[in-house]
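J.: query_4.cif is the file, holding mmCIF, C-alpha atoms:
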data_start
loop_
_atom_site.label_atom_id
_atom_site.label_comp_id
_atom_site.auth_asym_id
_atom_site.auth_seq_id
_atom_site.Cartn_x
_atom_site.Cartn_y
_atom_site.Cartn_z
CA MET A 3 0.00 0.00 0.00
CA LYS A 4 2.83 2.33 0.95
CA SER A 5 4.69 1.69 -2.32
CA LYS A 6 1.48 2.42 -4.24
CA ASN A 7 1.11 5.79 -2.47
CA VAL A 8 4.72 6.61 -3.36
CA GLU A 9 3.99 5.65 -6.96
CA ILE A 10 0.91 7.87 -7.04
CA ASN A 11 2.86 10.78 -5.51
CA ASN A 12 5.59 10.35 -8.12
CA GLU A 13 2.99 10.43 -10.90
CA ILE A 14 1.41 13.56 -9.41
CA GLU A 15 4.83 15.22 -9.21
CA LYS A 16 5.59 14.32 -12.83
CA THR A 17 2.21 15.68 -13.91
CA ASP A 18 2.86 18.89 -11.94
CA ASN A 19 6.23 19.32 -13.67
CA LEU A 20 4.69 18.71 -17.07
CA PHE A 21 1.85 21.12 -16.27
CA ASN A 22 4.30 23.86 -15.25
CA LYS A 23 6.40 23.38 -18.41
CA VAL A 24 3.31 23.55 -20.64
CA ILE A 25 2.14 26.72 -18.85
CA GLN A 26 5.58 28.33 -19.39
CA ILE A 27 5.55 27.47 -23.11
CA VAL A 28 2.00 28.81 -23.60
CA GLU A 29 2.70 32.02 -21.64
CA LEU A 30 5.92 32.60 -23.59
CA ALA A 31 4.07 32.05 -26.87
CA ARG A 32 1.35 34.49 -25.81
CA MET A 33 3.95 37.11 -24.88
CA GLN A 34 5.64 36.65 -28.26
CA VAL A 35 2.31 37.05 -30.03
CA ILE A 36 1.52 40.21 -28.05
CA THR A 37 4.99 41.61 -28.81
CA ALA A 38 4.63 40.78 -32.51
CA VAL A 39 1.17 42.39 -32.63
CA ASN A 40 2.43 45.54 -30.85
CA LEU A 41 5.40 45.88 -33.23
CA ALA A 42 3.15 45.29 -36.25
CA MET A 43 0.83 48.04 -34.96
CA VAL A 44 3.78 50.46 -34.56
CA HIS A 45 4.96 49.78 -38.11
CA SER A 46 1.39 50.20 -39.38
CA TYR A 47 1.02 53.55 -37.59
CA PHE A 48 4.33 54.68 -39.12
CA GLU A 49 3.06 53.84 -42.62
CA ILE A 50 -0.30 55.55 -41.95
CA GLY A 51 1.56 58.64 -40.72
CA LYS A 52 3.66 58.61 -43.88
CA MET A 53 0.57 58.41 -46.11
CA ILE A 54 -1.09 61.28 -44.23
CA VAL A 55 1.99 63.48 -44.69
CA GLU A 56 2.25 62.63 -48.39
CA GLU A 57 -1.47 63.33 -48.86
CA GLU A 58 -1.20 66.68 -47.05
CA GLN A 59 1.68 67.72 -49.30
CA GLU A 60 -0.69 67.45 -52.25
CA GLY A 61 -3.02 70.03 -50.71
CA LYS A 62 -2.78 73.72 -51.62
CA ASP A 63 -3.51 75.10 -48.17
CA ARG A 64 -1.63 72.54 -46.07
CA ALA A 65 -2.96 73.44 -42.64
CA LYS A 66 -6.61 73.70 -43.69
CA TYR A 67 -6.40 70.74 -46.05
CA GLY A 68 -4.63 68.59 -43.42
CA LYS A 69 -7.33 69.32 -40.84
CA TYR A 70 -10.05 68.33 -43.30
CA VAL A 71 -8.25 65.11 -44.29
CA LEU A 72 -7.77 63.99 -40.69
CA LYS A 73 -11.38 64.69 -39.75
CA ALA A 74 -12.81 62.85 -42.76
CA LEU A 75 -10.33 59.98 -42.46
CA SER A 76 -10.99 59.56 -38.74
CA LYS A 77 -14.74 59.35 -39.27
CA ARG A 78 -14.53 56.73 -42.03
CA LEU A 79 -11.87 54.59 -40.32
CA THR A 80 -13.79 54.57 -37.03
CA GLU A 81 -16.96 53.48 -38.81
CA GLN A 82 -15.11 50.67 -40.58
CA LEU A 83 -12.50 49.56 -37.97
CA GLY A 84 -13.74 50.84 -34.62
CA LYS A 85 -11.69 52.59 -31.91
CA GLY A 86 -8.10 53.72 -32.31
CA PHE A 87 -8.48 56.14 -35.19
CA SER A 88 -9.51 59.39 -33.53
CA GLU A 89 -8.26 62.67 -34.99
CA GLN A 90 -5.77 62.91 -32.12
CA ASN A 91 -4.38 59.43 -32.76
CA LEU A 92 -4.07 60.18 -36.49
CA ARG A 93 -2.17 63.36 -35.57
CA ASN A 94 0.08 61.21 -33.37
CA MET A 95 0.74 58.87 -36.32
CA ARG A 96 1.59 61.85 -38.50
CA GLN A 97 3.96 63.21 -35.84
CA PHE A 98 5.46 59.73 -35.39
CA PHE A 99 6.41 59.58 -39.06
CA LEU A 100 7.83 63.11 -39.05
CA LYS A 101 10.00 62.38 -35.98
CA PHE A 102 11.27 59.02 -37.25
CA ALA A 103 11.22 59.63 -41.02
CA ASP A 104 14.87 58.51 -41.23
CA ARG A 105 13.64 54.94 -40.58
CA ASP A 106 11.75 54.96 -43.88
CA ILE A 107 13.61 52.75 -46.36
CA SER A 108 12.07 54.34 -49.46
CA ILE A 109 13.15 57.83 -48.39
CA ARG A 110 16.70 56.66 -47.71
CA GLN A 111 16.83 54.87 -51.06
CA LYS A 112 15.73 58.03 -52.90
CA ALA A 113 18.25 60.17 -51.00
CA SER A 114 21.28 57.93 -51.59
CA GLY A 115 20.32 55.86 -54.63
CA GLU A 116 20.62 52.71 -52.54
CA LEU A 117 19.71 51.46 -49.06
CA GLU A 118 21.70 53.50 -46.58
CA LYS A 119 23.72 51.43 -44.12
CA SER A 120 23.23 52.75 -40.61
CA ASN A 121 25.97 52.59 -37.96
CA SER A 122 23.49 50.67 -35.84
CA THR A 123 20.96 48.15 -37.13
CA PHE A 124 18.91 49.13 -34.05
CA PHE A 125 17.78 52.30 -35.82
CA ASN A 126 16.61 50.48 -38.95
CA SER A 127 13.41 49.32 -37.27
CA PHE A 128 11.13 49.84 -34.28
CA ASN A 129 11.60 47.80 -31.11
CA LEU A 130 9.12 49.28 -28.62
CA GLY A 131 5.37 49.56 -28.14
CA TRP A 132 3.21 52.45 -29.34
CA SER A 133 2.87 53.93 -25.82
CA HIS A 134 6.69 54.19 -25.64
CA TYR A 135 6.86 56.04 -28.95
CA LEU A 136 4.17 58.47 -27.80
CA VAL A 137 6.67 59.49 -25.10
CA LEU A 138 9.77 59.42 -27.34
CA MET A 139 8.31 61.46 -30.21
CA ARG A 140 7.94 64.43 -27.84
CA ILE A 141 11.70 64.54 -27.13
CA GLU A 142 13.15 67.17 -29.46
CA ASN A 143 16.87 66.39 -29.14
CA ILE A 144 17.57 63.44 -31.43
CA ASN A 145 20.59 62.22 -29.41
CA GLU A 146 18.53 62.23 -26.23
CA ARG A 147 15.61 60.53 -28.00
CA ASN A 148 17.89 57.81 -29.40
CA PHE A 149 19.39 57.21 -25.95
CA TYR A 150 16.01 56.66 -24.28
CA GLU A 151 14.84 54.42 -27.12
CA ILE A 152 17.92 52.18 -26.79
CA GLU A 153 17.73 52.06 -22.99
CA ALA A 154 14.00 51.34 -22.93
CA HIS A 155 14.55 48.38 -25.24
CA LYS A 156 17.73 47.02 -23.59
CA SER A 157 16.44 47.43 -20.03
CA ASN A 158 12.87 46.38 -20.88
CA TRP A 159 11.41 49.55 -19.36
CA SER A 160 7.66 49.84 -19.12
CA GLU A 161 6.10 53.06 -20.38
CA PRO A 162 5.87 54.51 -16.79
CA GLN A 163 9.54 53.60 -16.21
CA LEU A 164 10.53 55.34 -19.44
CA LYS A 165 8.59 58.45 -18.37
CA ARG A 166 10.22 58.39 -14.95
CA GLN A 167 13.74 58.09 -16.38
CA TYR A 168 13.07 60.93 -18.80
CA HIS A 169 11.61 63.22 -16.14
CA SER A 170 14.53 62.39 -13.81
CA SER A 171 16.87 63.65 -16.60
CA LEU A 172 18.84 60.42 -16.80
CA TYR A 173 20.44 61.41 -20.13
CA GLU A 174 21.66 64.78 -18.85
CA ARG A 175 22.94 63.32 -15.56
CA LEU A 176 24.95 60.65 -17.37
CA ALA A 177 26.16 63.03 -20.08
CA LEU A 178 27.46 65.59 -17.57
CA SER A 179 29.73 62.95 -16.02
CA ARG A 180 31.30 61.97 -19.37
CA ASP A 181 33.56 63.45 -22.02
CA LYS A 182 32.32 64.50 -25.47
CA GLU A 183 33.14 61.17 -27.13
CA GLN A 184 31.27 59.21 -24.46
CA VAL A 185 28.25 61.52 -24.75
CA LEU A 186 28.01 60.65 -28.45
CA LYS A 187 28.20 56.95 -27.53
CA LEU A 188 25.17 57.41 -25.25
CA ALA A 189 23.12 58.34 -28.31
CA GLU A 190 24.50 55.48 -30.41
CA GLN A 191 24.81 52.62 -27.90
CA GLY A 192 22.99 53.66 -24.72
CA GLN A 193 24.70 53.31 -21.35
CA ILE A 194 27.67 50.94 -21.58
CA ILE A 195 29.13 49.64 -18.30
CA GLU A 196 32.86 48.94 -18.78
CA LYS A 197 34.59 50.75 -15.92
CA SER A 198 33.74 51.94 -12.43
CA THR A 199 32.96 55.54 -13.43
CA ASP A 200 30.30 54.31 -15.89
CA ILE A 201 27.91 53.56 -13.02
CA LEU A 202 28.02 57.09 -11.59
CA LYS A 203 25.20 59.62 -11.78
CA ASN A 204 25.21 62.99 -10.12
CA PRO A 205 22.81 63.45 -8.52
CA LEU A 206 21.15 60.11 -7.81
CA VAL A 207 17.42 60.91 -7.85
CA LEU A 208 15.44 59.26 -5.04
CA GLU A 209 12.09 61.05 -5.25
CA PHE A 210 10.29 57.68 -4.99
CA LEU A 211 11.37 57.36 -1.34
CA SER A 212 8.77 60.02 -0.40
CA LEU A 213 11.11 61.64 2.13
CA GLU A 214 10.56 65.38 2.47
CA GLU A 215 13.62 67.50 1.80
CA SER A 216 12.74 69.99 4.53
CA HIS A 217 12.37 67.40 7.30
CA THR A 218 15.23 66.07 9.38
CA TYR A 219 15.79 62.35 8.93
CA SER A 220 18.54 59.96 9.98
CA GLU A 221 20.81 57.77 7.88
CA SER A 222 18.91 54.80 9.31
CA THR A 223 15.61 56.26 8.02
CA LEU A 224 17.15 56.82 4.58
CA GLU A 225 18.47 53.24 4.54
CA LYS A 226 15.08 51.77 5.53
CA ALA A 227 13.35 53.83 2.85
CA ILE A 228 15.78 52.54 0.19
CA ILE A 229 15.27 48.92 1.28
CA SER A 230 11.48 49.33 1.20
CA LYS A 231 11.71 50.64 -2.39
CA LEU A 232 14.60 48.43 -3.50
CA GLN A 233 13.23 47.74 -6.98
CA GLN A 234 12.92 51.45 -7.76
CA PHE A 235 16.35 52.09 -6.22
CA LEU A 236 17.97 49.44 -8.44
CA LEU A 237 16.31 50.95 -11.51
CA GLU A 238 17.71 54.37 -10.60
CA PHE A 239 21.08 53.01 -9.48
CA GLY A 240 21.75 51.49 -12.87
CA LYS A 241 22.56 48.34 -14.80
CA GLY A 242 23.76 45.01 -13.49
CA PHE A 243 23.31 45.58 -9.75
CA LEU A 244 22.42 42.75 -7.37
CA PHE A 245 21.57 43.49 -3.75
CA GLU A 246 23.54 41.50 -1.18
CA ALA A 247 23.11 42.99 2.30
CA ARG A 248 22.31 45.96 4.51
CA GLN A 249 24.39 46.77 7.59
CA LYS A 250 26.92 44.14 6.51
CA ARG A 251 29.18 43.46 9.48
CA PHE A 252 32.84 42.59 9.33
CA THR A 253 35.30 42.33 12.20
CA PHE A 254 38.86 43.60 12.17
CA ASP A 255 41.22 43.72 15.17
CA GLU A 256 38.32 42.65 17.41
CA GLU A 257 36.29 45.68 16.36
CA HIS A 258 33.01 45.50 14.43
CA PHE A 259 32.32 47.65 11.38
CA PHE A 260 29.10 47.97 9.37
CA VAL A 261 28.68 48.83 5.69
CA ASP A 262 25.29 50.45 5.08
CA LEU A 263 24.51 48.72 1.75
CA VAL A 264 26.41 46.07 -0.20
CA PHE A 265 25.72 45.39 -3.89
CA TYR A 266 27.42 43.32 -6.54
CA ASN A 267 27.64 44.46 -10.15
CA ARG A 268 27.62 41.47 -12.49
CA LEU A 269 28.71 43.56 -15.50
CA LEU A 270 31.84 44.88 -13.77
CA GLN A 271 32.21 41.72 -11.64
CA CYS A 272 32.91 43.57 -8.43
CA TYR A 273 31.42 44.52 -5.07
CA VAL A 274 29.94 48.00 -4.69
CA LEU A 275 29.79 49.37 -1.14
CA ILE A 276 27.53 52.30 -0.27
CA ASP A 277 27.73 54.48 2.80
CA LEU A 278 24.85 56.88 3.40
CA LYS A 279 25.49 60.42 4.66
CA THR A 280 22.64 62.79 5.43
CA ASP A 281 25.02 65.55 6.60
CA LYS A 282 27.82 67.17 4.63
CA LEU A 283 30.69 64.90 3.66
CA VAL A 284 33.87 65.15 5.79
CA HIS A 285 37.30 63.62 5.27
CA GLN A 286 36.73 61.04 8.05
CA ASP A 287 33.85 59.59 5.98
CA ILE A 288 36.16 59.19 3.00
CA GLY A 289 38.85 57.54 5.12
CA GLN A 290 36.30 55.12 6.56
CA MET A 291 35.13 54.11 3.08
CA GLN A 292 38.74 53.59 2.02
CA MET A 293 39.10 51.13 4.90
CA TYR A 294 35.89 49.29 3.89
CA VAL A 295 37.11 48.97 0.29
CA ASN A 296 40.55 47.77 1.39
CA TYR A 297 38.99 45.10 3.61
CA TYR A 298 36.76 43.79 0.81
CA ASP A 299 39.64 43.78 -1.68
CA ARG A 300 41.93 41.86 0.69
CA HIS A 301 39.53 39.51 2.48
CA VAL A 302 36.28 39.14 0.48
CA LYS A 303 36.75 39.47 -3.28
CA LEU A 304 37.91 36.46 -5.28
CA ASP A 305 40.98 36.48 -7.52
CA HIS A 306 38.96 36.71 -10.76
CA GLU A 307 36.85 39.65 -9.50
CA LYS A 308 37.63 43.32 -10.13
CA PRO A 309 38.55 45.81 -7.35
CA THR A 310 35.77 46.88 -5.00
CA ILE A 311 34.03 50.21 -5.65
CA GLY A 312 33.09 52.50 -2.77
CA ILE A 313 30.34 55.11 -3.13
CA LEU A 314 29.58 57.78 -0.55
CA LEU A 315 25.96 58.76 -1.15
CA CYS A 316 25.63 62.17 0.44
CA LYS A 317 23.35 65.17 0.55
CA LYS A 318 26.18 67.57 -0.25
CA LYS A 319 29.73 66.98 -1.42
CA LYS A 320 32.82 69.00 -2.23
CA ASP A 321 34.85 67.60 -5.11
CA SER A 322 37.99 69.36 -3.88
CA LEU A 323 37.76 67.57 -0.49
CA VAL A 324 37.36 64.17 -2.17
CA GLU A 325 40.26 64.79 -4.56
CA LEU A 326 42.55 66.01 -1.77
CA THR A 327 41.75 63.12 0.59
CA LEU A 328 42.01 60.24 -1.87
CA PRO A 329 44.89 59.07 -4.08
CA LYS A 330 44.28 59.59 -7.82
CA ASP A 331 43.81 55.88 -8.52
CA ALA A 332 41.29 55.32 -5.69
CA ASN A 333 38.15 53.40 -6.63
CA ILE A 334 36.02 55.54 -4.33
CA TYR A 335 33.49 58.16 -5.39
CA ALA A 336 31.17 60.64 -3.77
CA THR A 337 27.84 61.35 -5.40
CA GLU A 338 24.96 63.50 -4.23
CA TYR A 339 21.37 62.34 -3.95
CA SER A 340 18.22 64.36 -4.48
CA LEU A 341 14.78 63.71 -2.98
CA TYR A 342 12.97 65.47 -5.81
CA LEU A 343 13.12 65.40 -9.58
CA PRO A 344 15.78 67.77 -10.93
CA ASP A 345 15.03 70.88 -12.96
CA LYS A 346 15.27 69.44 -16.48
CA LYS A 347 15.69 72.86 -18.14
CA LEU A 348 18.58 73.73 -15.81
CA LEU A 349 20.35 70.42 -16.51
CA LYS A 350 19.88 70.87 -20.26
CA GLN A 351 21.36 74.35 -19.99
CA LYS A 352 24.35 72.98 -18.04
CA LEU A 353 24.88 70.27 -20.65
CA ASN A 354 24.74 72.80 -23.51
CA GLU A 355 27.22 75.06 -21.69
CA TRP A 356 29.54 72.12 -20.98
CA THR A 357 29.36 70.98 -24.63
CA SER A 358 30.15 74.50 -25.87
CA GLU A 359 33.11 74.82 -23.48
CA PHE A 360 34.45 71.44 -24.60
CA GLU A 361 34.17 72.34 -28.30
CA ASN A 362 35.84 75.73 -27.71
CA SER A 363 38.75 74.12 -25.87
CA LEU A 364 39.22 71.68 -28.78
CA GLU A 365 39.23 74.57 -31.29
CA ASN A 366 41.85 76.41 -29.19
CA LEU A 367 44.05 73.30 -29.09
CA GLU A 368 43.77 72.90 -32.87
CA GLY A 369 44.64 76.59 -33.32
CA GLU A 370 47.83 76.14 -31.33
#
Could you rewrite the structure in this file as structure tokens?
T.:
Amino acid sequence: MKSKNVEINNEIEKTDNLFNKVIQIVELARMQVITAVNLAMVHSYFEIGKMIVEEEQEGKDRAKYGKYVLKALSKRLTEQLGKGFSEQNLRNMRQFFLKFADRDISIRQKASGELEKSNSTFFNSFNLGWSHYLVLMRIENINERNFYEIEAHKSNWSEPQLKRQYHSSLYERLALSRDKEQVLKLAEQGQIIEKSTDILKNPLVLEFLSLEESHTYSESTLEKAIISKLQQFLLEFGKGFLFEARQKRFTFDEEHFFVDLVFYNRLLQCYVLIDLKTDKLVHQDIGQMQMYVNYYDRHVKLDHEKPTIGILLCKKKKDSLVELTLPKDANIYATEYSLYLPDKKLLKQKLNEWTSEFENSLENLEGE
């Protein structure tokens, strides 16, 4: 009797395994179908937008003619096909084509006599859903728009995540911490993580923690808030991060020390230690982080892993203090955090000023 029960249990377990595998296959197939349908819809909207633009160009009074065409077209399409073809959506399709007209093969063939070979095959097609492109088509700067399109695809951002990254000025914050050549790479390849400085953003935007800037709060409160919103923090922190521990204790010379947050970056293959500072940064904080990094490098990291990175996440920092305290080759960085979304116009202005200064300095060097 007992052996029969075991046999039955084994059969049930096998059936459960088979059931789970079938479910996974069906769900994957459904996701692929949904993705294919969404991409087909995006390509269809692009072609509709193209036809609307070409039709408008035939009209004598473009503005008046275009308005008439959209109204009449919307009415007939809605009667025949149902929802999705309002005047506003047709205007969006028209705008979509105008913003991404360089993706049109026929236009590129006419311009060059043959199919133009792009530096990136990514920009020869569309890889996101319609809701993503509704956000992207409203970004005027083409380099910035390309960056968000690449990142949304690579990082599998939802439409709300794309909006959040745009409104948090991710492009400007990354660009301001890079040289001119790397800024151009952002628009062509997205964010590439190859060295420790590639993970830095200044400031790190933590508006999702819902901590009020005006109120006094402790480092412990900040840490708890980050842990409670860990998914959002990892999205803001960047690519390849895995959370390992909070208040990680290690003992040295019979004394206990605690690292606020410990992460591992699988792209860089190294530990990343974070110390939280709600007051201004002082040189003792930097020295303490140097000791944490040294301990991890000597006693924790494996031979094949890269040197540990230390990040002091502070409310206010002075670059001169950090530079003076640390040796030039130190793998330790201080970055500020903000509890509210940055002023996008101000960051754009800073980036434009920085770009102009960089180009002027290059011209002066060439003149010499």
J.: From the set A:Asn94, A:Ser133, A:Gln193, A:Thr357, which residue has the shortest atom-to-atom contact distance to Phe48 of chain A, counting all atoms listed in the file?
T.: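 Ranked by minimum distance to Phe48 of chain A, first place goes to A:Asn94.
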J.: Suppose you want the space between atom CA of Leu326 of chain A and atom CA of Tyr339 of chain A; what is it in Å?
T.: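 Taking atom CA of Leu326 of chain A as the start and atom CA of Tyr339 of chain A as the end point, the length is 21.6 Å.
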J.: Which one of A:Ser322, A:Ser46, A:Thr253, A:Glu29 sits closest to Ala336 of chain A if you count all atoms listed in the file?
T.: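 Nearest candidate to Ala336 of chain A out of A:Ser322, A:Ser46, A:Thr253, A:Glu29: A:Ser322.
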J.: From the list A:Val35, A:Met293, A:Leu348, A:Val207, which residue is nearest Phe252 of chain A when using all atoms listed in the file?
T.: A:Met293
J.: Which value, in Å to one decimal, gives the distance between atom CA of Arg93 of chain A and atom CA of Glu56 of chain A?
T.: 13.6 Å
J.: I need every residue sitting at most 12 Å from the point (16.0, 64.5, -10.8) (coordinates as in the file, only C-alpha atoms considered), written as a VMD selection string.
T.: chain A and resid 166 to 176 203 to 210 238 338 to 349
J.: Using all atoms listed in the file, collect all residues at a distance of at most 10 Å from (5.3, 56.2, -30.4) as written in the file, then present them as a list in words.
T.: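 Here the neighbourhood of the point contains Val44, Tyr47, Phe48, Asn94, Met95, Gln97, Phe98, Phe99, Lys101, Phe102, Phe128, Leu130, Gly131, Trp132, Ser133, His134, Tyr135, Leu136, Val137, Leu138, Met139 and Arg140 of chain A.
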J.: Those same residues, written as a PDB file, in the coordinates of the input with C-alpha atoms?
T.:
ATOM      1  CA  VAL A  44       3.780  50.460 -34.560  1.00  0.00           C
ATOM      2  CA  TYR A  47       1.020  53.550 -37.590  1.00  0.00           C
ATOM      3  CA  PHE A  48       4.330  54.680 -39.120  1.00  0.00           C
ATOM      4  CA  ASN A  94       0.080  61.210 -33.370  1.00  0.00           C
ATOM      5  CA  MET A  95       0.740  58.870 -36.320  1.00  0.00           C
ATOM      6  CA  GLN A  97       3.960  63.210 -35.840  1.00  0.00           C
ATOM      7  CA  PHE A  98       5.460  59.730 -35.390  1.00  0.00           C
ATOM      8  CA  PHE A  99       6.410  59.580 -39.060  1.00  0.00           C
ATOM      9  CA  LYS A 101      10.000  62.380 -35.980  1.00  0.00           C
ATOM     10  CA  PHE A 102      11.270  59.020 -37.250  1.00  0.00           C
ATOM     11  CA  PHE A 128      11.130  49.840 -34.280  1.00  0.00           C
ATOM     12  CA  LEU A 130       9.120  49.280 -28.620  1.00  0.00           C
ATOM     13  CA  GLY A 131       5.370  49.560 -28.140  1.00  0.00           C
ATOM     14  CA  TRP A 132       3.210  52.450 -29.340  1.00  0.00           C
ATOM     15  CA  SER A 133       2.870  53.930 -25.820  1.00  0.00           C
ATOM     16  CA  HIS A 134       6.690  54.190 -25.640  1.00  0.00           C
ATOM     17  CA  TYR A 135       6.860  56.040 -28.950  1.00  0.00           C
ATOM     18  CA  LEU A 136       4.170  58.470 -27.800  1.00  0.00           C
ATOM     19  CA  VAL A 137       6.670  59.490 -25.100  1.00  0.00           C
ATOM     20  CA  LEU A 138       9.770  59.420 -27.340  1.00  0.00           C
ATOM     21  CA  MET A 139       8.310  61.460 -30.210  1.00  0.00           C
ATOM     22  CA  ARG A 140       7.940  64.430 -27.840  1.00  0.00           C
TER      23      ARG A 140
END
J.: By how many Å are atom CA of Glu60 of chain A and atom CA of Asn91 of chain A apart?
T.: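 Going from atom CA of Glu60 of chain A over to atom CA of Asn91 of chain A, I get 21.4 Å.
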